[in-house]
Amino acid sequence: MGEGPKVTAKAHPNLALVKYWGKLDDELNIPASSSISVNLSGATTTTTVVFVTGAEADSVMIDGQAASPKAFARVAKHLDRVRQLAGTTARARVESWNDFPASAGIASSASAFAALSLAASRAAGLSLAERELSILARKGSGSACRSIPDGFVEFVAGGADKFQPTTTTIKGEVETCLKDDTAYARQLFPPEHWDMRITTLIIDQRPKEVSSSEGHQATRTSPFYEAWLAALPPTLETVRRALADKDFRTLGMAVERQAIAMHAVAMTSSLADRDWLSGIYYWAPGTVSLIQAVQDWRRQSLEVYLTIDAGPNVHLLCEAKDQAELERELGCLLLALGGRYLVSRPAAGARIVGEE
Ligand code: DP6
């Protein structure tokens with residue numbers, strides 16, 4: 001058995017300021033609309049990949065344990081994409097560590113597939129440009145493409161017209177292929193553009209009942225889905241402009257309203273295989289307490305805004321000058337709620353940190 005280079009990459013999760021919620025293509029992770037995010041310095045995934053010629057199967061360790069069958073299948077499928085790009089059949093040994101709880105509303109799949117895409121493509125001898133790497137990461141998990149570039153990032157949906165399936169008949173078989181390379185991530189601003197702080201409150205660490213992929217699929221069942229999609233282009237424009245102008249109030253309110261709208265879509269979506277669910281509730285009681293607290297703090301002139309991904313945890317955004325006061329306020333509240341938190345700044349994208 002021969003081993004190729006052993007490559008280690010790091011990536012941070014990212015926080016969506018404008019959410020990706022709803023897809024045009026579930027298999028390729030083509031989003032129904034563009035989204036905008038910021039990479040989070042406070043959490044990191046570190047992944048090492050080595051391809052071993054002659055090995056019978058891939059092996060995947062996550063946080064020191066063999067991956068669950070579901071996680072293994074998702075990683076092996078991603079490695080197949082890398083093998084296809086590199087023209088190799090060698091199996092891989094993958095070891096990945098997260099310094100934060102998985103499935104807790106911090107998008108662990110984003111940093112996981114960003115770090116895996118970079119480490120695996122390099123270990124397989126590829127040297128992908130940032131855009132190509134983001135397209136590869138996107139196929140693992142849509143939001144993962146946003147953890148490839150540095151800082152504030154846009155996941156460009158591309159034109160919906162470009163994703164029309166083209167059908168070709170080869171030897172009597174119908175083959176469907178989608179042109180999907182216009183859905184990728186690009187930097188809007190570098191991390192140092194704006195010294196803001198993102199405080200992630202870990203209210204509940206249990207894995208969530210409904211995965212984000214299932215949530216995306218269910219969006220089409222919400223009576224509010226069309227309204228959600230229609231509101232996205234102006235929201236994207238507001239957020240892009242507020243970032244450019246460093247207009248925190250406009251940014252914060254647009255981000256918070258859009259997050260609540262995403263949850264309104266989730267709460268009014270249904271899942272065909274879980275008919276006991278009237279809707280998808282990612283929130284826990286502590287989530288609602290925090291929404292109320294944030295509104296109170298703003299009334300008292302503390303400029304803090306929140307956003308919530310597909311989980312109960314709450315991310316608070318403020319400018320660096322307000323972080324100390326925010327943490328004072330939080331101290332009392334967290335004693336009552338029993339949670340803990342981590343603080344991030346805007347961070348770099350995926351990086352190679354070791355190559356042997
Ligand atoms: C609520 O990227 O996790 O965090 O593409 O199916 O892997 P898949 O979904 P995923 O969806 C993220 C949903 C979100 C919003 C966001 O990050 O934009």
# chains A, B, ... in the order shown; residues from 1 in each chain; ligands from 1
$ closest_atom_pairs --of "chain A" --to "ligand 1" --cutoff "10 Å" --atoms "only C-alpha atoms and all ligand atoms" --output "tab-separated table"
residue	atom	partner	partner_atom_place_in_ligand_line	distance
A:Pro13	CA	ligand 1	17 (O)	9.3
A:Asn14	CA	ligand 1	17 (O)	7.3
A:Leu15	CA	ligand 1	17 (O)	6.3
A:Ala16	CA	ligand 1	18 (O)	4.7
A:Leu17	CA	ligand 1	18 (O)	7.6
A:Val18	CA	ligand 1	18 (O)	6.5
A:Lys19	CA	ligand 1	18 (O)	3.7
A:Tyr20	CA	ligand 1	18 (O)	3.6
A:Trp21	CA	ligand 1	13 (C)	5.7
A:Gly22	CA	ligand 1	13 (C)	8.6
A:Lys23	CA	ligand 1	5 (O)	8.1
A:Asp25	CA	ligand 1	5 (O)	9.7
A:Asp26	CA	ligand 1	6 (O)	7.2
A:Glu27	CA	ligand 1	6 (O)	8.6
A:Leu28	CA	ligand 1	5 (O)	8.4
A:Asn29	CA	ligand 1	5 (O)	5.2
A:Ile30	CA	ligand 1	5 (O)	8.1
A:Pro31	CA	ligand 1	5 (O)	8.0
A:Ser34	CA	ligand 1	18 (O)	9.1
A:Ser35	CA	ligand 1	18 (O)	6.2
A:Ile36	CA	ligand 1	18 (O)	7.4
A:Ser37	CA	ligand 1	18 (O)	7.4
A:Ser103	CA	ligand 1	3 (O)	9.6
A:Gly105	CA	ligand 1	4 (O)	7.3
A:Ile106	CA	ligand 1	4 (O)	7.8
A:Ala107	CA	ligand 1	4 (O)	6.0
A:Ser108	CA	ligand 1	3 (O)	8.2
A:Ser109	CA	ligand 1	3 (O)	6.1
A:Ala110	CA	ligand 1	2 (O)	6.4
A:Phe113	CA	ligand 1	7 (O)	9.1
A:Ala137	CA	ligand 1	5 (O)	9.8
A:Arg138	CA	ligand 1	5 (O)	7.0
A:Lys139	CA	ligand 1	5 (O)	7.5
A:Gly140	CA	ligand 1	7 (O)	6.6
A:Ser141	CA	ligand 1	7 (O)	3.4
A:Gly142	CA	ligand 1	5 (O)	3.4
A:Ser143	CA	ligand 1	2 (O)	3.6
A:Ala144	CA	ligand 1	2 (O)	6.1
A:Cys145	CA	ligand 1	2 (O)	8.5
A:Arg146	CA	ligand 1	17 (O)	8.7
A:Phe155	CA	ligand 1	18 (O)	8.9
A:Ser211	CA	ligand 1	3 (O)	7.6
A:Ser212	CA	ligand 1	3 (O)	4.9
A:Ser213	CA	ligand 1	6 (O)	3.4
A:Glu214	CA	ligand 1	6 (O)	7.2
A:Gly215	CA	ligand 1	13 (C)	8.1
A:His216	CA	ligand 1	6 (O)	6.6
A:Gln217	CA	ligand 1	6 (O)	8.4
A:Ala259	CA	ligand 1	1 (C)	8.6
A:Met262	CA	ligand 1	1 (C)	7.8
A:His263	CA	ligand 1	1 (C)	8.8
A:Ala266	CA	ligand 1	1 (C)	9.6
A:Tyr282	CA	ligand 1	1 (C)	9.8
A:Thr307	CA	ligand 1	1 (C)	9.9
A:Ile308	CA	ligand 1	1 (C)	7.6
A:Asp309	CA	ligand 1	1 (C)	4.1
A:Ala310	CA	ligand 1	1 (C)	4.3
A:Gly311	CA	ligand 1	1 (C)	7.9
$ select_by_dssp --residues "stretch 4-248 of chain A" --states "alpha helix (DSSP H)" --output "compact mmCIF listing (two decimals) with N, CA, C and O atoms, in the first residue's frame"
# COMPACT_ATOMS: atom_id res chain seq x y z
N PRO A 69 -22.74 5.81 10.29
CA PRO A 69 -22.96 5.38 8.90
C PRO A 69 -23.44 6.53 8.01
O PRO A 69 -23.01 6.66 6.86
N LYS A 70 -24.30 7.41 8.55
CA LYS A 70 -24.83 8.52 7.75
C LYS A 70 -23.73 9.54 7.41
O LYS A 70 -23.59 9.96 6.26
N ALA A 71 -22.93 9.89 8.41
CA ALA A 71 -21.85 10.86 8.18
C ALA A 71 -20.81 10.24 7.25
O ALA A 71 -20.29 10.91 6.34
N PHE A 72 -20.51 8.94 7.45
CA PHE A 72 -19.53 8.26 6.60
C PHE A 72 -19.97 8.31 5.14
O PHE A 72 -19.18 8.64 4.25
N ALA A 73 -21.26 8.02 4.89
CA ALA A 73 -21.76 7.98 3.51
C ALA A 73 -21.62 9.36 2.86
O ALA A 73 -21.24 9.48 1.68
N ARG A 74 -21.89 10.41 3.64
CA ARG A 74 -21.82 11.78 3.09
C ARG A 74 -20.36 12.15 2.75
O ARG A 74 -20.09 12.77 1.73
N VAL A 75 -19.43 11.76 3.64
CA VAL A 75 -18.01 12.07 3.40
C VAL A 75 -17.49 11.24 2.22
O VAL A 75 -16.80 11.75 1.33
N ALA A 76 -17.86 9.94 2.17
CA ALA A 76 -17.37 9.06 1.09
C ALA A 76 -17.88 9.57 -0.26
O ALA A 76 -17.15 9.54 -1.26
N LYS A 77 -19.10 10.06 -0.29
CA LYS A 77 -19.66 10.60 -1.53
C LYS A 77 -18.86 11.84 -1.96
O LYS A 77 -18.60 12.05 -3.15
N HIS A 78 -18.46 12.63 -0.98
CA HIS A 78 -17.68 13.82 -1.31
C HIS A 78 -16.29 13.42 -1.81
O HIS A 78 -15.75 14.02 -2.74
N LEU A 79 -15.71 12.39 -1.17
CA LEU A 79 -14.40 11.91 -1.63
C LEU A 79 -14.51 11.38 -3.06
O LEU A 79 -13.59 11.55 -3.86
N ASP A 80 -15.67 10.77 -3.41
CA ASP A 80 -15.88 10.31 -4.80
C ASP A 80 -15.79 11.49 -5.77
O ASP A 80 -15.26 11.35 -6.87
N ARG A 81 -16.34 12.64 -5.36
CA ARG A 81 -16.28 13.83 -6.24
C ARG A 81 -14.83 14.24 -6.46
O ARG A 81 -14.43 14.59 -7.57
N VAL A 82 -14.04 14.19 -5.38
CA VAL A 82 -12.62 14.55 -5.48
C VAL A 82 -11.89 13.53 -6.35
O VAL A 82 -11.10 13.89 -7.23
N ARG A 83 -12.19 12.23 -6.13
CA ARG A 83 -11.54 11.17 -6.93
C ARG A 83 -11.85 11.35 -8.41
O ARG A 83 -10.98 11.20 -9.25
N GLN A 84 -13.10 11.71 -8.69
CA GLN A 84 -13.48 11.89 -10.09
C GLN A 84 -12.71 13.07 -10.71
O GLN A 84 -12.20 12.95 -11.82
N LEU A 85 -12.60 14.15 -9.96
CA LEU A 85 -11.86 15.33 -10.46
C LEU A 85 -10.39 15.00 -10.68
O LEU A 85 -9.77 15.47 -11.64
N ALA A 86 -9.82 14.19 -9.76
CA ALA A 86 -8.38 13.91 -9.81
C ALA A 86 -8.05 12.69 -10.66
O ALA A 86 -6.87 12.40 -10.90
N SER A 108 -21.80 23.15 11.52
CA SER A 108 -20.59 22.32 11.51
C SER A 108 -20.38 21.70 10.13
O SER A 108 -19.26 21.44 9.74
N SER A 109 -21.48 21.50 9.37
CA SER A 109 -21.29 20.91 8.04
C SER A 109 -20.56 21.89 7.13
O SER A 109 -19.85 21.48 6.22
N ALA A 110 -20.69 23.19 7.40
CA ALA A 110 -20.02 24.18 6.54
C ALA A 110 -18.51 24.09 6.70
O ALA A 110 -17.78 23.93 5.73
N SER A 111 -18.03 24.18 7.96
CA SER A 111 -16.57 24.10 8.14
C SER A 111 -16.06 22.70 7.79
O SER A 111 -14.96 22.54 7.27
N ALA A 112 -16.89 21.68 8.04
CA ALA A 112 -16.47 20.29 7.76
C ALA A 112 -16.23 20.10 6.26
O ALA A 112 -15.17 19.62 5.85
N PHE A 113 -17.19 20.50 5.42
CA PHE A 113 -17.02 20.27 3.98
C PHE A 113 -16.05 21.26 3.35
O PHE A 113 -15.43 20.94 2.32
N ALA A 114 -15.87 22.43 3.96
CA ALA A 114 -14.85 23.36 3.44
C ALA A 114 -13.46 22.78 3.70
O ALA A 114 -12.63 22.70 2.79
N ALA A 115 -13.21 22.34 4.94
CA ALA A 115 -11.88 21.79 5.27
C ALA A 115 -11.63 20.49 4.51
O ALA A 115 -10.53 20.26 3.99
N LEU A 116 -12.67 19.64 4.41
CA LEU A 116 -12.51 18.37 3.68
C LEU A 116 -12.21 18.62 2.20
O LEU A 116 -11.34 17.96 1.62
N SER A 117 -12.92 19.57 1.59
CA SER A 117 -12.72 19.85 0.16
C SER A 117 -11.29 20.30 -0.11
O SER A 117 -10.65 19.84 -1.06
N LEU A 118 -10.79 21.17 0.76
CA LEU A 118 -9.43 21.69 0.55
C LEU A 118 -8.39 20.60 0.82
O LEU A 118 -7.50 20.35 -0.02
N ALA A 119 -8.51 19.90 1.95
CA ALA A 119 -7.51 18.88 2.30
C ALA A 119 -7.53 17.74 1.28
O ALA A 119 -6.48 17.29 0.81
N ALA A 120 -8.74 17.27 0.92
CA ALA A 120 -8.83 16.11 0.03
C ALA A 120 -8.38 16.46 -1.38
O ALA A 120 -7.68 15.68 -2.03
N SER A 121 -8.77 17.64 -1.89
CA SER A 121 -8.38 17.98 -3.26
C SER A 121 -6.86 18.12 -3.34
O SER A 121 -6.23 17.62 -4.27
N ARG A 122 -6.25 18.73 -2.31
CA ARG A 122 -4.79 18.90 -2.33
C ARG A 122 -4.10 17.54 -2.17
O ARG A 122 -3.12 17.25 -2.84
N ALA A 123 -4.64 16.71 -1.28
CA ALA A 123 -4.03 15.38 -1.07
C ALA A 123 -4.12 14.52 -2.33
O ALA A 123 -3.28 13.65 -2.57
N GLU A 130 -9.99 29.26 -6.05
CA GLU A 130 -10.98 29.48 -4.98
C GLU A 130 -12.41 29.20 -5.45
O GLU A 130 -13.20 28.57 -4.75
N ARG A 131 -12.73 29.65 -6.66
CA ARG A 131 -14.10 29.45 -7.15
C ARG A 131 -14.42 27.96 -7.33
O ARG A 131 -15.47 27.48 -6.92
N GLU A 132 -13.47 27.23 -7.93
CA GLU A 132 -13.69 25.78 -8.14
C GLU A 132 -13.80 25.05 -6.81
O GLU A 132 -14.61 24.14 -6.65
N LEU A 133 -12.96 25.47 -5.86
CA LEU A 133 -12.99 24.84 -4.54
C LEU A 133 -14.34 25.11 -3.86
O LEU A 133 -14.91 24.22 -3.22
N SER A 134 -14.87 26.32 -4.04
CA SER A 134 -16.16 26.64 -3.43
C SER A 134 -17.27 25.81 -4.07
O SER A 134 -18.20 25.38 -3.39
N ILE A 135 -17.15 25.54 -5.37
CA ILE A 135 -18.17 24.72 -6.05
C ILE A 135 -18.11 23.28 -5.53
O ILE A 135 -19.14 22.66 -5.25
N LEU A 136 -16.88 22.79 -5.33
CA LEU A 136 -16.73 21.43 -4.78
C LEU A 136 -17.34 21.39 -3.37
O LEU A 136 -18.13 20.49 -3.05
N ALA A 137 -16.98 22.37 -2.52
CA ALA A 137 -17.49 22.38 -1.13
C ALA A 137 -19.02 22.46 -1.12
O ALA A 137 -19.69 21.81 -0.32
N ARG A 138 -19.58 23.26 -2.03
CA ARG A 138 -21.04 23.42 -2.12
C ARG A 138 -21.75 22.10 -2.32
O ARG A 138 -22.84 21.87 -1.79
N LYS A 139 -21.13 21.21 -3.11
CA LYS A 139 -21.78 19.92 -3.38
C LYS A 139 -21.84 19.05 -2.12
O LYS A 139 -22.70 18.18 -2.00
N GLY A 140 -20.92 19.29 -1.17
CA GLY A 140 -20.97 18.57 0.11
C GLY A 140 -22.06 19.14 1.00
O GLY A 140 -22.86 18.43 1.59
N SER A 212 -30.89 20.48 8.33
CA SER A 212 -31.13 21.64 7.46
C SER A 212 -31.46 21.17 6.04
O SER A 212 -32.28 21.79 5.37
N SER A 213 -30.87 20.05 5.58
CA SER A 213 -31.21 19.56 4.23
C SER A 213 -32.70 19.23 4.15
O SER A 213 -33.37 19.54 3.16
N GLU A 214 -33.23 18.60 5.21
CA GLU A 214 -34.68 18.30 5.22
C GLU A 214 -35.50 19.58 5.27
O GLU A 214 -36.55 19.69 4.63
N GLY A 215 -35.00 20.55 6.04
CA GLY A 215 -35.70 21.84 6.13
C GLY A 215 -35.76 22.54 4.78
O GLY A 215 -36.81 23.08 4.40
N HIS A 216 -34.65 22.49 4.03
CA HIS A 216 -34.63 23.09 2.69
C HIS A 216 -35.72 22.47 1.81
O HIS A 216 -36.45 23.18 1.11
N GLN A 217 -35.77 21.12 1.84
CA GLN A 217 -36.75 20.43 0.98
C GLN A 217 -38.18 20.79 1.35
O GLN A 217 -39.04 20.91 0.48
N ALA A 218 -38.39 20.96 2.66
CA ALA A 218 -39.76 21.21 3.13
C ALA A 218 -40.25 22.63 2.81
O ALA A 218 -41.45 22.89 2.85
N TYR A 225 -43.62 30.47 1.15
CA TYR A 225 -42.34 30.30 0.45
C TYR A 225 -42.17 31.32 -0.69
O TYR A 225 -41.09 31.91 -0.84
N GLU A 226 -43.21 31.56 -1.45
CA GLU A 226 -43.10 32.51 -2.57
C GLU A 226 -42.79 33.91 -2.05
O GLU A 226 -41.97 34.63 -2.61
N ALA A 227 -43.45 34.27 -0.93
CA ALA A 227 -43.22 35.61 -0.34
C ALA A 227 -41.78 35.71 0.17
O ALA A 227 -41.12 36.75 0.03
N TRP A 228 -41.29 34.63 0.75
CA TRP A 228 -39.90 34.57 1.24
C TRP A 228 -38.93 34.81 0.09
O TRP A 228 -38.01 35.63 0.19
N LEU A 229 -39.15 34.12 -1.02
CA LEU A 229 -38.25 34.27 -2.17
C LEU A 229 -38.33 35.69 -2.75
O LEU A 229 -37.30 36.27 -3.11
N ALA A 230 -39.55 36.23 -2.79
CA ALA A 230 -39.72 37.56 -3.38
C ALA A 230 -39.00 38.63 -2.55
O ALA A 230 -38.53 39.64 -3.08
N ALA A 231 -38.90 38.40 -1.22
CA ALA A 231 -38.27 39.41 -0.34
C ALA A 231 -36.74 39.34 -0.40
O ALA A 231 -36.06 40.26 0.07
N LEU A 232 -36.20 38.26 -0.98
CA LEU A 232 -34.74 38.09 -0.92
C LEU A 232 -33.93 39.11 -1.73
O LEU A 232 -32.97 39.67 -1.19
N PRO A 233 -34.26 39.40 -2.99
CA PRO A 233 -33.40 40.35 -3.74
C PRO A 233 -33.25 41.71 -3.05
O PRO A 233 -32.12 42.18 -2.88
N PRO A 234 -34.36 42.35 -2.57
CA PRO A 234 -34.13 43.63 -1.87
C PRO A 234 -33.34 43.47 -0.57
O PRO A 234 -32.54 44.34 -0.22
N THR A 235 -33.53 42.34 0.14
CA THR A 235 -32.77 42.14 1.39
C THR A 235 -31.28 41.98 1.08
O THR A 235 -30.42 42.55 1.78
N LEU A 236 -30.98 41.23 0.02
CA LEU A 236 -29.57 41.05 -0.36
C LEU A 236 -28.94 42.42 -0.67
O LEU A 236 -27.83 42.71 -0.25
N GLU A 237 -29.69 43.24 -1.38
CA GLU A 237 -29.17 44.55 -1.76
C GLU A 237 -28.95 45.42 -0.52
O GLU A 237 -27.91 46.08 -0.38
N THR A 238 -29.91 45.40 0.41
CA THR A 238 -29.78 46.18 1.65
C THR A 238 -28.54 45.74 2.43
O THR A 238 -27.77 46.57 2.93
N VAL A 239 -28.35 44.43 2.53
CA VAL A 239 -27.22 43.91 3.33
C VAL A 239 -25.89 44.20 2.64
O VAL A 239 -24.93 44.63 3.30
N ARG A 240 -25.84 44.03 1.33
CA ARG A 240 -24.59 44.37 0.61
C ARG A 240 -24.23 45.84 0.84
O ARG A 240 -23.09 46.18 1.12
N ARG A 241 -25.24 46.72 0.73
CA ARG A 241 -24.97 48.15 0.87
C ARG A 241 -24.62 48.51 2.31
O ARG A 241 -23.70 49.29 2.56
N ALA A 242 -25.32 47.91 3.28
CA ALA A 242 -25.03 48.21 4.69
C ALA A 242 -23.62 47.75 5.05
O ALA A 242 -22.92 48.40 5.83
N LEU A 243 -23.19 46.62 4.47
CA LEU A 243 -21.81 46.16 4.71
C LEU A 243 -20.82 47.15 4.11
O LEU A 243 -19.84 47.53 4.75
N ALA A 244 -21.09 47.58 2.89
CA ALA A 244 -20.18 48.52 2.21
C ALA A 244 -20.09 49.83 3.00
O ALA A 244 -19.00 50.37 3.19
N ASP A 245 -21.24 50.33 3.49
CA ASP A 245 -21.28 51.63 4.20
C ASP A 245 -20.98 51.51 5.69
O ASP A 245 -20.98 52.51 6.40
N PHE A 248 -24.42 49.86 10.72
CA PHE A 248 -24.72 48.70 11.57
C PHE A 248 -26.21 48.54 11.84
O PHE A 248 -26.74 47.43 11.86
$ residues_around --residues "A:Ile203" --least-positions-apart "5" --cutoff "12 Å" --atoms "only C-alpha atoms" --output "ChimeraX atom specification"
/A:101,104-106,282-290,308,311-315,333-342
$ residues_around --residues "A:Arg351" --least-positions-apart "6" --cutoff "7 Å" --atoms "only C-alpha atoms" --output "list in words"
Ala9, Lys10 and Ala11 of chain A
$ write_last_selection --atoms "N, CA, C and O atoms" --output "CSV table (one decimal), in the first residue's frame"
chain,number,residue,atom,x,y,z
A,9,ALA,N,-6.1,20.7,6.5
A,9,ALA,CA,-6.7,22.0,6.3
A,9,ALA,C,-7.6,22.4,7.4
A,9,ALA,O,-8.1,21.6,8.2
A,10,LYS,N,-7.7,23.7,7.6
A,10,LYS,CA,-8.6,24.3,8.7
A,10,LYS,C,-9.7,25.1,8.0
A,10,LYS,O,-9.4,25.8,7.0
A,11,ALA,N,-10.9,25.2,8.6
A,11,ALA,CA,-11.9,26.1,8.1
A,11,ALA,C,-12.8,26.5,9.2
A,11,ALA,O,-12.9,25.7,10.2
$ select_by_dssp --residues "stretch 24-265 of chain A" --states "strand (DSSP E or B)" --output "ChimeraX atom specification"
/A:24-25,30-31,35-40,45-53,59-62,65-66,91-98,152-156,166-170,173-177,184-189,196-202
$ decode --residues "stretch 337-353 of chain A" --atoms "N, CA and C atoms" --output "PDB file, in the first residue's frame"
ATOM      1  N   LEU A 337     -30.567  31.172  32.222  1.00  0.00           N
ATOM      2  CA  LEU A 337     -30.843  30.197  31.150  1.00  0.00           C
ATOM      3  C   LEU A 337     -29.925  28.977  31.190  1.00  0.00           C
ATOM      4  N   GLY A 338     -28.778  29.118  31.841  1.00  0.00           N
ATOM      5  CA  GLY A 338     -27.847  27.997  31.965  1.00  0.00           C
ATOM      6  C   GLY A 338     -27.063  27.701  30.695  1.00  0.00           C
ATOM      7  N   GLY A 339     -26.889  28.678  29.826  1.00  0.00           N
ATOM      8  CA  GLY A 339     -26.137  28.424  28.595  1.00  0.00           C
ATOM      9  C   GLY A 339     -24.707  28.904  28.679  1.00  0.00           C
ATOM     10  N   ARG A 340     -23.942  28.707  27.596  1.00  0.00           N
ATOM     11  CA  ARG A 340     -22.618  29.291  27.517  1.00  0.00           C
ATOM     12  C   ARG A 340     -22.449  29.911  26.138  1.00  0.00           C
ATOM     13  N   TYR A 341     -21.367  30.641  25.942  1.00  0.00           N
ATOM     14  CA  TYR A 341     -21.248  31.329  24.663  1.00  0.00           C
ATOM     15  C   TYR A 341     -19.813  31.384  24.176  1.00  0.00           C
ATOM     16  N   LEU A 342     -19.661  31.588  22.871  1.00  0.00           N
ATOM     17  CA  LEU A 342     -18.330  31.832  22.329  1.00  0.00           C
ATOM     18  C   LEU A 342     -18.380  33.066  21.444  1.00  0.00           C
ATOM     19  N   VAL A 343     -17.268  33.802  21.453  1.00  0.00           N
ATOM     20  CA  VAL A 343     -17.224  35.084  20.742  1.00  0.00           C
ATOM     21  C   VAL A 343     -16.323  34.956  19.515  1.00  0.00           C
ATOM     22  N   SER A 344     -16.810  35.444  18.387  1.00  0.00           N
ATOM     23  CA  SER A 344     -16.039  35.399  17.140  1.00  0.00           C
ATOM     24  C   SER A 344     -15.863  36.793  16.570  1.00  0.00           C
ATOM     25  N   ARG A 345     -14.840  36.898  15.749  1.00  0.00           N
ATOM     26  CA  ARG A 345     -14.652  38.059  14.869  1.00  0.00           C
ATOM     27  C   ARG A 345     -14.770  37.532  13.447  1.00  0.00           C
ATOM     28  N   PRO A 346     -14.891  38.430  12.463  1.00  0.00           N
ATOM     29  CA  PRO A 346     -14.852  37.957  11.077  1.00  0.00           C
ATOM     30  C   PRO A 346     -13.509  37.264  10.819  1.00  0.00           C
ATOM     31  N   ALA A 347     -13.555  36.119  10.158  1.00  0.00           N
ATOM     32  CA  ALA A 347     -12.349  35.282  10.049  1.00  0.00           C
ATOM     33  C   ALA A 347     -11.972  34.986   8.597  1.00  0.00           C
ATOM     34  N   ALA A 348     -10.778  34.422   8.464  1.00  0.00           N
ATOM     35  CA  ALA A 348     -10.276  33.989   7.147  1.00  0.00           C
ATOM     36  C   ALA A 348     -11.072  32.782   6.654  1.00  0.00           C
ATOM     37  N   GLY A 349     -10.849  32.414   5.428  1.00  0.00           N
ATOM     38  CA  GLY A 349     -11.490  31.234   4.852  1.00  0.00           C
ATOM     39  C   GLY A 349     -10.649  29.986   5.072  1.00  0.00           C
ATOM     40  N   ALA A 350     -10.881  28.967   4.237  1.00  0.00           N
ATOM     41  CA  ALA A 350     -10.186  27.682   4.410  1.00  0.00           C
ATOM     42  C   ALA A 350      -8.696  27.832   4.087  1.00  0.00           C
ATOM     43  N   ARG A 351      -7.862  27.139   4.869  1.00  0.00           N
ATOM     44  CA  ARG A 351      -6.403  27.239   4.750  1.00  0.00           C
ATOM     45  C   ARG A 351      -5.752  25.864   4.856  1.00  0.00           C
ATOM     46  N   ILE A 352      -4.660  25.672   4.117  1.00  0.00           N
ATOM     47  CA  ILE A 352      -3.819  24.494   4.337  1.00  0.00           C
ATOM     48  C   ILE A 352      -2.912  24.817   5.523  1.00  0.00           C
ATOM     49  N   VAL A 353      -2.841  23.905   6.509  1.00  0.00           N
ATOM     50  CA  VAL A 353      -1.967  24.183   7.648  1.00  0.00           C
ATOM     51  C   VAL A 353      -0.867  23.130   7.800  1.00  0.00           C
TER      52      VAL A 353
END
